[in-house]
Structures are given as structure tokens and as C-alpha cells.
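Undergrad: Quick one: this structure, given as C-alpha cells, is what I'll be asking you about.
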Amino acid sequence: MIQLQNFVGGQLLPPRAGRYLPLIEPATGQPFAQVPDSDAADVDAAVRAAEAALPAWRARPAEERGRLLVRLAELIEQHLDRLAQAESQDNGKPLSLARTLDIPRAASNFAFFGTAAPHFATEAHVQEGVALNYTVRHPLGVVACISPWNLPLYLFSWKIAPALAVGCCVVAKPSEITPYTAFLLSELVQQAGFPAGVLNIVHGTGPGVGQALVEHPGIRAISFTGGTKTGELIARTAAPRFKKLSLELGGKNPNLIFADCDLAAAVQTSIRSSFANQGQICLCGSRILVERSLYEPFKTEFVAQVQALTVGDPLDEATRQGALVSEAHLQKVLGYIELAHQEGGRLLAGGQRVRVPGRCAEGYFLQPTVFEGLAPDCRVNQEEIFGPVVTLTPFDTEDEALRWANGTEYGLSATIWTRDLTRAHRLGQQLRAGVVWVNTWLHRDLRTPFGGMKNSGVGREGGLEALRFFTEAQNVCIKL
Ligand code: NAD
């Protein structure tokens with residue numbers, strides 16, 4: 001059985017207390033590896049290693065730091081197949097998705113911030129004849145990056161790359177449910193030639209490692225992606241310690257489909273935005289609001305395409321829906337399907353666990369599921385399910401659609417489908433969502449600000465926002 005190790009001070013090490021947790025392959029329900037169940041002592045060792053590496057790392061020219069990040073991106077590309085297999089085995093996602101989305105995007109994260117590092121400029125403010133102010137952006141120091149299980153290497157790298165680019169040293173914690181590619185990354189970091197201690201990876205649970213990281217006095221900032229409840233806990237621990245926080249949290253994203261849209265494109269992309277990664281992407285649209293005159297044609301086409309999605313072994317090229325990440329998560333999603341029935345929903349597709357024959361007989365598979373007839377304020381339409389379950393709801397006016405779209409505690413992303421550009425601009429700016437897509441979904445430009453409004457988060461990642469987050473601005477004022 002594979003035994004993962006922590007990565008501390010440039011070395012792969014077992015956890016100090018010698019405890020491990022089993023890693024289960026979601027497609028088979030069988031254990032395939034062990035992950036360190038580390039504790040505060042491992043976190044402390046990692047923070048010390050990062051502190052020791054910090055002075056030399058921050059003093060390196062940005063070009064040199066950037067070159068190492070680009071080298072790491074190249075190594076990820078060279079090991080694409082191995083990383084994609086590991087991601088699929090660990091998470092249950094189709095191998096084809098890991099190969100085309102997760103791993104290539106992880107490589108682009110390192111390449112993007114590696115090449116951004118030397119271009120990160122700063123401002124000067126001139127008070128004519130009186131004073132010159134210039135801003136220095138110092139790296140914050142040692143920072144923590146904590147990531148979730150749904151897009152494991154992709155989200156892990158999205159945080160680590162900008163932190164390293166600006167000269168911070170990092171102690172990172174991947175999800176204990178999907179730590180495999182983070183472990184493989186530590187081997188590539190060694191190979192790329194990063195100095196020891198610049199990036200440290202400590203495996204373990206949220207209460208065991210995550211909490212210790214957030215509490216550790218040596219950690220100056222926490223970049224976290226995960227559930228809203230966990231974000232609240234982290235904020236509560238970090239705030240009295242005056243640590244800088246970036247929180248990327250849950251979502252309950254609406255798709256607004258207008259009658260004048262390109263129906264074929266709206267259906268096809270809504271299938272993806274509903275069920276990609278088994279609906280386990282924070283940006284998945286789970287509330288599909290359709291203008292009444294288009295409701296029946298949209299529904300007919302949408303449901304037909306949902307029923308054609310192949311649920312099966314993630315290794316099979318024909319598979320479009322892999323396994324959910326764990327038995328516990330599958331049970332949670334099934335609980336919401338039950339709730340949708342209780343709340344008066346009409347099941348249009350799916351709704352059942354799937355038993356895939358052969359090696360996947362014990363896997364955590366679920367049919368992609370569609371309900372209609374649920375009130376916008378019912379729990380199924382308000383709470384994040386984070387699985388392959390969506391609702392269809394007709395609307396009559398733009399105001400109604402906007403009210404329902406904005407009517408949850410979340411505000412991560414939204415999609416608008418219309419050929420009316422004026423409406424797209426008007427609505428786009430009224431939606432309380434950090435990311436609004438018009439006639440597309442999951443289209444990413446890494447230079448743009450990324451993050452949520454309301455309970456979907458605090459702060460923004462991406463481009464300059466991320467580089468700024470990991471620095472502390474200092475004003476130097478010179479009298480002229
Ligand atoms: P989670 O909050 O359970 O865990 C996320 C990470 O936090 C894990 O590494 C976990 O071990 C750690 N953690 C747990 N308790 C902690 C604590 N007390 N202190 C510090 N760390 C702790 O989330 P999850 O179930 O892994 O991921 C799913 C959630 O992530 C969903 O809500 C989803 O919407 C959200 N998400 C958000 C984004 C975004 O960009 N906004 C992206 C992906 C996922």
C-alpha cells in the first residue's frame with residue numbers, strides 16, 4: 001500500500017507521532033494508500049523550516065523565483081499522466097477530466113504566477129514639489145494555504161504559486177480526503193530544485209493540522225478554500241491573532257436562461273455547469289432559472305441530455321460522471337434528494353445510487369439528478385448540495401429572475417444566457433456574485449479577480465489580487 005509522507009524542510013518525512021489515515025478510492029470504495037495524520041508538532045516543524053528558508057527566498061530576485069515556478073509547471077506537464085491518474089483515483093473524477101482540466105490548470109497556475117512575479121510593479125504618488133510617496137510591497141512571511149478535495153492539485157497550486165512568487169514561504173495543507181497529488185507535487189518540487197523549506201506540505205485533518213496552522217504564531221496569513229462553516233471557524237480563530245485572511249467558500253449558483261438565448265449552447269453548457277466533476281465544483285450552477293416561454297423546450301432537451309450522461313468507471317474514456325468523493329458525501333447528497341421529494345419537488349431525471357458492475361461495484365456513484373417544482377426559498381434551493389443535483393424553475397420577468405438569483409446567502413458565481421447584450425450588462429452588474437459569465441461557463445483568465453460575495457467568501461484571488469494578498473504594503477514618504 002502507498003504511504004504518503006509530509007514534505008518538511010525539503011525532505012519527505014513520516015508524521016512525528018507515526019499515525020496514518022486510510023485513503024479510499026471513491027470508485028471502488030477500497031483503501032489504496034495511507035496519508036499522515038499529522039499534528040501540531042509536525043506543523044511547528046514545518047513553520048520553523050519555512051522561517052529558516054524565508055530570508056534567502058525573499059531576497060532572491062523575482063526572476064529567479066519565477067524561473068523555479070515555471071520549471072515546476074514544466075515538470076507537472078511532463079508528469080501529466082501520472083498526476084491525472086492519481087487525481088482520478090483519489091477523487092473519483094473521470095480520468096479524462098483530470099487529464100484535460102485539473103492537471104493542465106495546475107501547471108498553468110505555476111507558469112502564470114512564475115511569469116507574473118517579475119512584472120509585479122508598485123505605485124508612486126507624487127505631491128508636486130512637496131513629497132514623493134512610494135509603496136513597497138513586502139512578502140508577508142510564512143503563510144498557510146489550505147485547500148479542499150474537489151479540485152485537489154488545481155486549487156492547491158492556485159494558492160501556493162502566488163505566495164511563492166512574491167517571496168513568501170508556505171506551509172500547505174491539502175484535503176486529507178484527496179492528498180495524493182499534493183504528495184506527488186512534493187517530489188516534483190525537490191526535482192525542480194527549490195531551496196529546502198520554501199514550500200512545506202503537512203498532511204492531516206482539519207482539526208489536527210488545519211487548526212494548528214491557523215493558530216500558529218509564525219503564520220502571517222491564511223489562504224483558505226473550502227466550506228463556509230469551516231471558513232467561519234478559521235475566521236474566528238485567526239481574527240483575534242490579526243492574521244490576514246483570504247476565504248473562498250461555498251456557493252449556490254444560478255443560471256439565468258432567457259428566451260432569446262442560443263438554446264443548444266445554453267443546454268449543452270448547463271449540462272457541464274451542473275454535472276462536471278459530479279457537480280462538485282464550487283462554480284457549478286445548481287439553480288437553473290428559465291424564462292417561462294422557453295421552459296418546456298429547455299427542459300425537454302436538458303433532461304434528454306442528462307439521461308444520456310454515462311455514469312461509470314472513471315478510468316473508462318466514455319465515462320462522463322465518475323464517483324462522488326466519499327460515502328459520507330454520497331449520503332449527504334442522497335439526503336438532499338430525499339429532502340427535495342419532501343419539499344414537493346418533481347423528479348425529472350436520476351435520483352438513485354448507481355451500482356457500476358466489476359471493480360467499481362462498491363463505488364460511490366449517483367445518477368445526475370434534476371428536480372422541478374421547488375420553491376426558490378426551499379432548503380434544496382438555498383443550501384449548497386455540492387453534488388450532481390440541480391433544480392429547474394420557470395420565471396416570468398427579469399426582476400423575478402434577479403430576485404431569486406440573488407436570494408440566497410451565497411454569491412460566488414452566476415451565468416446569464418441571452419443574446420441581448422444590454423440585458424447582459426444590466427443584469428450582470430446587479431447580480432450579487434463575484435464571477436458572472438455571459439453565454440459561457442468556467443471560462444477562466446488567470447488575470448481576473450476571483451472570489452465570492454456574501455457568505456461565499458472574503459477577498460479575491462487571481463492575478464494582481466493574489467500577489468497583493470501575499471504582501472504587506474508599506475508607504476515611504478520623502479519630503480522634496
Ligand atoms: P472543508 O471546509 O471541509 O475542508 C477544506 C479544507 O479545510 C480541508 O483541507 C480541511 O481539512 C480543512 N479544515 C477543516 N477544518 C478546519 C479547521 N478547523 N481549521 C483549518 N482547516 C480546516 O471543505 P471541503 O468539504 O474539503 O470542500 C468543499 C467545500 O469547498 C464546498 O463548500 C465548496 O463550495 C468549497 N469550495 C469553494 C471554492 C471557491 O473557490 N470558493 C472552490 C472549491 C471548493
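Just remember, in the C-alpha cells the first chain shown is A, the second B, etc., residues are 1-based per chain, and ligands are 1-based in the order shown.
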Could you list the protein, DNA and RNA residues that have any atom within 6 Å of ligand 1, counting only C-alpha atoms and all ligand atoms, and write them as a list in words?
TA: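 Checking only C-alpha atoms and all ligand atoms against ligand 1 at 6 Å gives Ile146, Ser147, Pro148, Trp149, Lys173, Pro174, Ser175, Glu176, Thr205, Gly206, Pro207, Gly210, Gln211, Thr225, Gly226, Gly227, Thr228, Thr230, Leu233, Ile234, Glu248, Leu249, Gly250, Gly251, Ile281 and Cys282 of chain A.
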Undergrad: Let me see the file: selected residues, C-alpha atoms, as an mmCIF file, in the first residue's frame.
TA:
```cif
data_model
loop_
_atom_site.group_PDB
_atom_site.id
_atom_site.type_symbol
_atom_site.label_atom_id
_atom_site.label_comp_id
_atom_site.auth_asym_id
_atom_site.auth_seq_id
_atom_site.Cartn_x
_atom_site.Cartn_y
_atom_site.Cartn_z
ATOM 1 C CA ILE A 146 -5.436 25.194 2.993
ATOM 2 C CA SER A 147 -7.380 23.568 0.176
ATOM 3 C CA PRO A 148 -10.405 21.280 -0.385
ATOM 4 C CA TRP A 149 -10.950 17.908 -2.082
ATOM 5 C CA LYS A 173 -2.309 21.515 3.796
ATOM 6 C CA PRO A 174 -4.265 19.657 1.132
ATOM 7 C CA SER A 175 -7.539 17.970 1.984
ATOM 8 C CA GLU A 176 -6.990 14.750 3.931
ATOM 9 C CA THR A 205 -7.187 16.530 9.222
ATOM 10 C CA GLY A 206 -8.756 19.967 9.612
ATOM 11 C CA PRO A 207 -8.898 19.831 13.422
ATOM 12 C CA GLY A 210 -5.567 22.980 9.770
ATOM 13 C CA GLN A 211 -6.440 24.327 13.208
ATOM 14 C CA THR A 225 -10.695 27.371 0.106
ATOM 15 C CA GLY A 226 -13.438 25.158 1.477
ATOM 16 C CA GLY A 227 -16.842 25.155 3.112
ATOM 17 C CA THR A 228 -18.498 28.259 4.564
ATOM 18 C CA THR A 230 -15.040 25.912 8.100
ATOM 19 C CA LEU A 233 -14.242 28.668 12.238
ATOM 20 C CA ILE A 234 -10.988 29.821 10.675
ATOM 21 C CA GLU A 248 -13.011 31.149 -0.830
ATOM 22 C CA LEU A 249 -16.184 29.437 0.362
ATOM 23 C CA GLY A 250 -19.352 27.732 -0.818
ATOM 24 C CA GLY A 251 -21.848 28.682 -3.495
ATOM 25 C CA ILE A 281 -17.191 22.392 -8.335
ATOM 26 C CA CYS A 282 -17.864 25.480 -6.239
#
```
Undergrad: Write out as an mmCIF file with C-alpha atoms, in the first residue's frame the residues lying within 9 Å of segment 20-28 of chain A, counting only C-alpha atoms and excluding same-chain residues fewer than 4 positions away.
TA:
```
data_model
loop_
_atom_site.group_PDB
_atom_site.id
_atom_site.type_symbol
_atom_site.label_atom_id
_atom_site.label_comp_id
_atom_site.auth_asym_id
_atom_site.auth_seq_id
_atom_site.Cartn_x
_atom_site.Cartn_y
_atom_site.Cartn_z
ATOM 1 C CA GLN A 3 2.280 5.543 2.169
ATOM 2 C CA LEU A 4 2.304 9.310 1.661
ATOM 3 C CA PRO A 15 4.492 12.222 10.754
ATOM 4 C CA PHE A 32 -5.370 2.177 -1.619
ATOM 5 C CA ALA A 33 -2.975 4.348 0.389
ATOM 6 C CA GLN A 34 -2.272 5.902 3.758
ATOM 7 C CA VAL A 35 -1.911 9.589 4.494
ATOM 8 C CA PRO A 36 -0.089 11.039 7.532
ATOM 9 C CA ASP A 37 -2.404 12.012 10.372
ATOM 10 C CA SER A 38 -0.070 14.809 11.437
ATOM 11 C CA SER A 88 -8.795 10.382 -10.540
ATOM 12 C CA GLN A 89 -8.011 7.508 -8.166
ATOM 13 C CA ASP A 90 -8.065 9.811 -5.143
ATOM 14 C CA ASN A 91 -11.138 11.853 -6.028
ATOM 15 C CA GLY A 92 -13.322 9.626 -8.230
ATOM 16 C CA LYS A 93 -13.380 12.122 -11.104
ATOM 17 C CA GLU A 176 -6.990 14.750 3.931
ATOM 18 C CA ILE A 177 -9.560 13.180 1.586
ATOM 19 C CA THR A 178 -7.537 13.838 -1.600
ATOM 20 C CA PRO A 179 -3.858 14.407 -0.705
ATOM 21 C CA TYR A 180 -2.226 12.189 -3.334
ATOM 22 C CA GLY A 204 -3.725 15.561 8.108
ATOM 23 C CA GLY A 312 -19.202 4.674 -14.743
ATOM 24 C CA ASP A 313 -15.625 3.740 -14.002
ATOM 25 C CA PRO A 314 -13.575 6.975 -14.011
ATOM 26 C CA GLY A 322 -17.406 9.418 -12.045
ATOM 27 C CA ALA A 323 -17.823 8.663 -8.360
ATOM 28 C CA LEU A 324 -18.644 11.136 -5.608
ATOM 29 C CA VAL A 325 -15.716 11.757 -3.317
ATOM 30 C CA SER A 326 -16.765 9.640 -0.323
ATOM 31 C CA GLU A 327 -19.519 7.505 1.125
ATOM 32 C CA ARG A 359 -14.194 -3.334 -9.959
ATOM 33 C CA CYS A 360 -16.458 -0.339 -9.172
ATOM 34 C CA ALA A 361 -19.268 -2.362 -7.552
ATOM 35 C CA GLU A 362 -18.698 -0.709 -4.145
ATOM 36 C CA GLY A 363 -18.074 2.801 -5.522
ATOM 37 C CA TYR A 364 -19.947 5.981 -4.632
ATOM 38 C CA PHE A 365 -21.871 6.614 -7.852
#
```
Undergrad: Name all residues at most 10 Å from Arg460 of chain A (count only C-alpha atoms; drop same-chain ones fewer than 2 positions away) and give them as a CSV table (one decimal) with N, CA and C atoms, in the first residue's frame.
TA:
```csv
chain,number,residue,atom,x,y,z
A,246,SER,N,-7.8,35.1,3.4
A,246,SER,CA,-8.5,35.1,2.1
A,246,SER,C,-9.4,33.8,2.2
A,247,LEU,N,-10.7,34.0,2.1
A,247,LEU,CA,-11.6,32.9,2.3
A,247,LEU,C,-12.4,32.7,1.0
A,248,GLU,N,-12.2,31.5,0.4
A,248,GLU,CA,-13.0,31.1,-0.8
A,248,GLU,C,-14.0,30.1,-0.4
A,434,GLY,N,-19.5,37.1,-7.3
A,434,GLY,CA,-18.1,37.5,-7.6
A,434,GLY,C,-17.7,37.3,-9.0
A,448,THR,N,-7.9,37.8,-13.9
A,448,THR,CA,-9.1,38.4,-13.4
A,448,THR,C,-9.3,38.1,-11.9
A,449,PRO,N,-9.9,39.0,-11.1
A,449,PRO,CA,-10.2,38.7,-9.7
A,449,PRO,C,-11.2,37.6,-9.6
A,450,PHE,N,-10.9,36.7,-8.6
A,450,PHE,CA,-11.7,35.5,-8.4
A,450,PHE,C,-12.1,35.4,-6.9
A,451,GLY,N,-13.4,35.3,-6.7
A,451,GLY,CA,-13.8,35.2,-5.3
A,451,GLY,C,-15.3,35.4,-5.2
A,452,GLY,N,-15.8,35.3,-3.9
A,452,GLY,CA,-17.2,35.4,-3.7
A,452,GLY,C,-17.7,36.6,-2.9
A,453,MET,N,-19.0,36.9,-3.1
A,453,MET,CA,-19.6,37.9,-2.3
A,453,MET,C,-20.4,37.2,-1.2
A,457,GLY,N,-17.4,34.2,0.6
A,457,GLY,CA,-16.0,34.5,0.9
A,457,GLY,C,-15.6,35.9,1.2
A,458,VAL,N,-14.4,36.0,1.5
A,458,VAL,CA,-13.8,37.3,1.8
A,458,VAL,C,-12.5,37.4,1.0
A,462,GLY,N,-6.3,35.4,-7.7
A,462,GLY,CA,-6.1,35.6,-9.2
A,462,GLY,C,-5.3,36.9,-9.4
A,463,GLY,N,-4.5,36.8,-10.4
A,463,GLY,CA,-3.7,38.0,-10.9
A,463,GLY,C,-3.1,38.8,-9.8
A,464,LEU,N,-3.2,40.1,-10.0
A,464,LEU,CA,-2.6,41.1,-9.0
A,464,LEU,C,-3.2,41.0,-7.7
A,465,GLU,N,-4.5,40.6,-7.6
A,465,GLU,CA,-5.2,40.4,-6.3
A,465,GLU,C,-4.4,39.4,-5.4
A,466,ALA,N,-4.0,38.3,-6.0
A,466,ALA,CA,-3.3,37.3,-5.2
A,466,ALA,C,-1.9,37.8,-4.9
A,468,ARG,N,-1.0,40.8,-4.4
A,468,ARG,CA,-1.1,41.8,-3.4
A,468,ARG,C,-1.5,41.1,-2.0
A,469,PHE,N,-2.3,40.1,-2.1
A,469,PHE,CA,-2.7,39.5,-0.8
A,469,PHE,C,-1.5,39.0,0.0
```
Undergrad: Calculated over only C-alpha atoms, which of the candidates A:Val435, A:Val198, A:Val70, A:Val389 has the smallest distance to Glu51 of chain A?
TA: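 With only C-alpha atoms as the atom set, the closest residue is A:Val198.
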Undergrad: I'd like the contact shell of Ala192 of chain A - 10 Å cut-off, only C-alpha atoms, skipping same-chain residues fewer than 5 positions apart - returned as an mmCIF file with N, CA and C atoms, in the first residue's frame.
TA:
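Output file selection_31.cif is given in full below:
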```cif
data_model
loop_
_atom_site.group_PDB
_atom_site.id
_atom_site.type_symbol
_atom_site.label_atom_id
_atom_site.label_comp_id
_atom_site.auth_asym_id
_atom_site.auth_seq_id
_atom_site.Cartn_x
_atom_site.Cartn_y
_atom_site.Cartn_z
ATOM 1 N N ARG A 67 11.487 31.630 -12.273
ATOM 2 C CA ARG A 67 12.032 30.557 -13.103
ATOM 3 C C ARG A 67 11.782 29.188 -12.459
ATOM 4 N N LEU A 68 11.907 29.127 -11.149
ATOM 5 C CA LEU A 68 11.655 27.851 -10.456
ATOM 6 C C LEU A 68 10.179 27.452 -10.582
ATOM 7 N N LEU A 69 9.301 28.434 -10.499
ATOM 8 C CA LEU A 69 7.867 28.122 -10.635
ATOM 9 C C LEU A 69 7.561 27.615 -12.048
ATOM 10 N N VAL A 70 8.194 28.239 -13.028
ATOM 11 C CA VAL A 70 7.970 27.794 -14.417
ATOM 12 C C VAL A 70 8.532 26.385 -14.598
ATOM 13 N N ARG A 71 9.671 26.120 -13.988
ATOM 14 C CA ARG A 71 10.271 24.772 -14.062
ATOM 15 C C ARG A 71 9.301 23.743 -13.452
ATOM 16 N N LEU A 72 8.671 24.126 -12.349
ATOM 17 C CA LEU A 72 7.712 23.216 -11.705
ATOM 18 C C LEU A 72 6.519 22.973 -12.638
ATOM 19 N N ALA A 73 6.067 24.026 -13.310
ATOM 20 C CA ALA A 73 4.963 23.878 -14.273
ATOM 21 C C ALA A 73 5.342 22.881 -15.363
ATOM 22 N N GLU A 74 6.589 22.987 -15.837
ATOM 23 C CA GLU A 74 7.040 22.067 -16.902
ATOM 24 C C GLU A 74 7.065 20.627 -16.393
ATOM 25 N N LEU A 75 7.513 20.452 -15.157
ATOM 26 C CA LEU A 75 7.560 19.089 -14.596
ATOM 27 C C LEU A 75 6.147 18.513 -14.446
ATOM 28 N N SER A 186 5.277 17.263 -4.048
ATOM 29 C CA SER A 186 6.488 17.476 -3.249
ATOM 30 C C SER A 186 7.701 16.852 -3.937
ATOM 31 N N GLU A 187 7.502 15.718 -4.585
ATOM 32 C CA GLU A 187 8.635 15.103 -5.306
ATOM 33 C C GLU A 187 9.090 15.998 -6.462
#
```
Undergrad: Would you mind reading off the distance between atom CA of Glu384 of chain A and atom CA of Lys252 of chain A, one decimal, in Å?
TA: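 Distance reported for this atom pair: 5.5 Å.
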Undergrad: Have a look at A:Ser413, A:Gln430, A:Ser96, A:Thr135 and name the one nearest to Leu80 of chain A; count only C-alpha atoms.
TA: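 Closest candidate: A:Ser96.
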Undergrad: Compare A:Ala121, A:Val356, A:Leu13, A:Ala414 by their minimum atom-to-atom distance to Tyr134 of chain A, counting only C-alpha atoms, and give me the closest one.
TA: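 Looking only at the distances to Tyr134 of chain A, the closest residue turns out to be A:Ala121.
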Undergrad: Report, in Å to a single decimal, how far apart atom CA of Glu215 of chain A and atom CA of Ala238 of chain A are.
TA: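 That distance, rounded to one decimal, is 6.8 Å.
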Undergrad: Rank nothing, just name the residue among A:Ile478, A:Val166, A:Leu402, A:Val311 nearest to Ile257 of chain A, using only C-alpha atoms.
TA: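 So, comparing all the options, the nearest one is A:Leu402.
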Undergrad: Which is closer to Asp262 of chain A than all the others in A:Arg48, A:Ile416, A:Ile76, A:Thr100, using only C-alpha atoms?
TA: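 Going through A:Arg48, A:Ile416, A:Ile76, A:Thr100 one by one, the smallest distance to Asp262 of chain A is for A:Ile416.
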Undergrad: I need the residues in segment 57-257 of chain A that are helix (DSSP H, G or I) according to DSSP; give them as a count of residues only.
TA: 108
Undergrad: To one decimal place in Å, what is the distance between atom CA of Leu283 of chain A and atom CA of Gly208 of chain A?
TA: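 Computing the Euclidean distance for atom CA of Leu283 of chain A and atom CA of Gly208 of chain A yields 28.2 Å.
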Undergrad: Please provide as a PyMOL selection string all residues within 8 Å of Asn406 of chain A, with the sequence filter that same-chain residues fewer than 3 positions apart are discarded (counting only C-alpha atoms).
TA: chain A and resi 402-403+411+431-432
Undergrad: I'd like to know which of A:Ala276, A:Leu294, A:Ala264, A:Leu330 is closest to Asn439 of chain A, using only C-alpha atoms.
TA: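 The answer is A:Ala264, which sits nearest to Asn439 of chain A.
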Undergrad: When DSSP works through the backbone of this structure, what residues of segment 92-196 of chain A end up as strand (DSSP E or B), shown as a list in words?
TA: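 These are the residues in question: Ala124, His125, Val126, Gln127, Ala131, Leu132, Asn133, Tyr134, Thr135, Val136, Arg137, His138, Pro139, Val142, Val143, Ala144, Cys145, Ile146, Cys169, Val170, Val171, Ala172 and Lys173 of chain A.
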Undergrad: Those residues with C-alpha atoms, as a compact mmCIF listing (two decimals), in the first residue's frame please?
TA:
```txt
# COMPACT_ATOMS: atom_id res chain seq x y z
CA ALA A 124 4.44 56.03 -6.55
CA HIS A 125 2.40 59.12 -5.63
CA VAL A 126 3.98 62.47 -6.33
CA GLN A 127 2.87 65.60 -4.48
CA ALA A 131 6.82 64.98 -1.33
CA LEU A 132 7.24 61.69 -3.10
CA ASN A 133 5.45 58.64 -1.74
CA TYR A 134 6.28 55.21 -2.94
CA THR A 135 4.85 51.87 -1.94
CA VAL A 136 6.96 48.87 -1.07
CA ARG A 137 5.19 45.51 -1.09
CA HIS A 138 6.99 43.21 1.31
CA PRO A 139 6.26 39.48 1.28
CA VAL A 142 5.36 32.43 6.27
CA VAL A 143 1.80 31.79 5.12
CA ALA A 144 -0.65 28.87 5.24
CA CYS A 145 -2.53 27.54 2.22
CA ILE A 146 -5.44 25.19 2.99
CA CYS A 169 7.42 30.70 2.28
CA VAL A 170 4.49 28.34 2.54
CA VAL A 171 3.14 25.64 4.80
CA ALA A 172 0.36 24.00 2.83
CA LYS A 173 -2.31 21.52 3.80
```
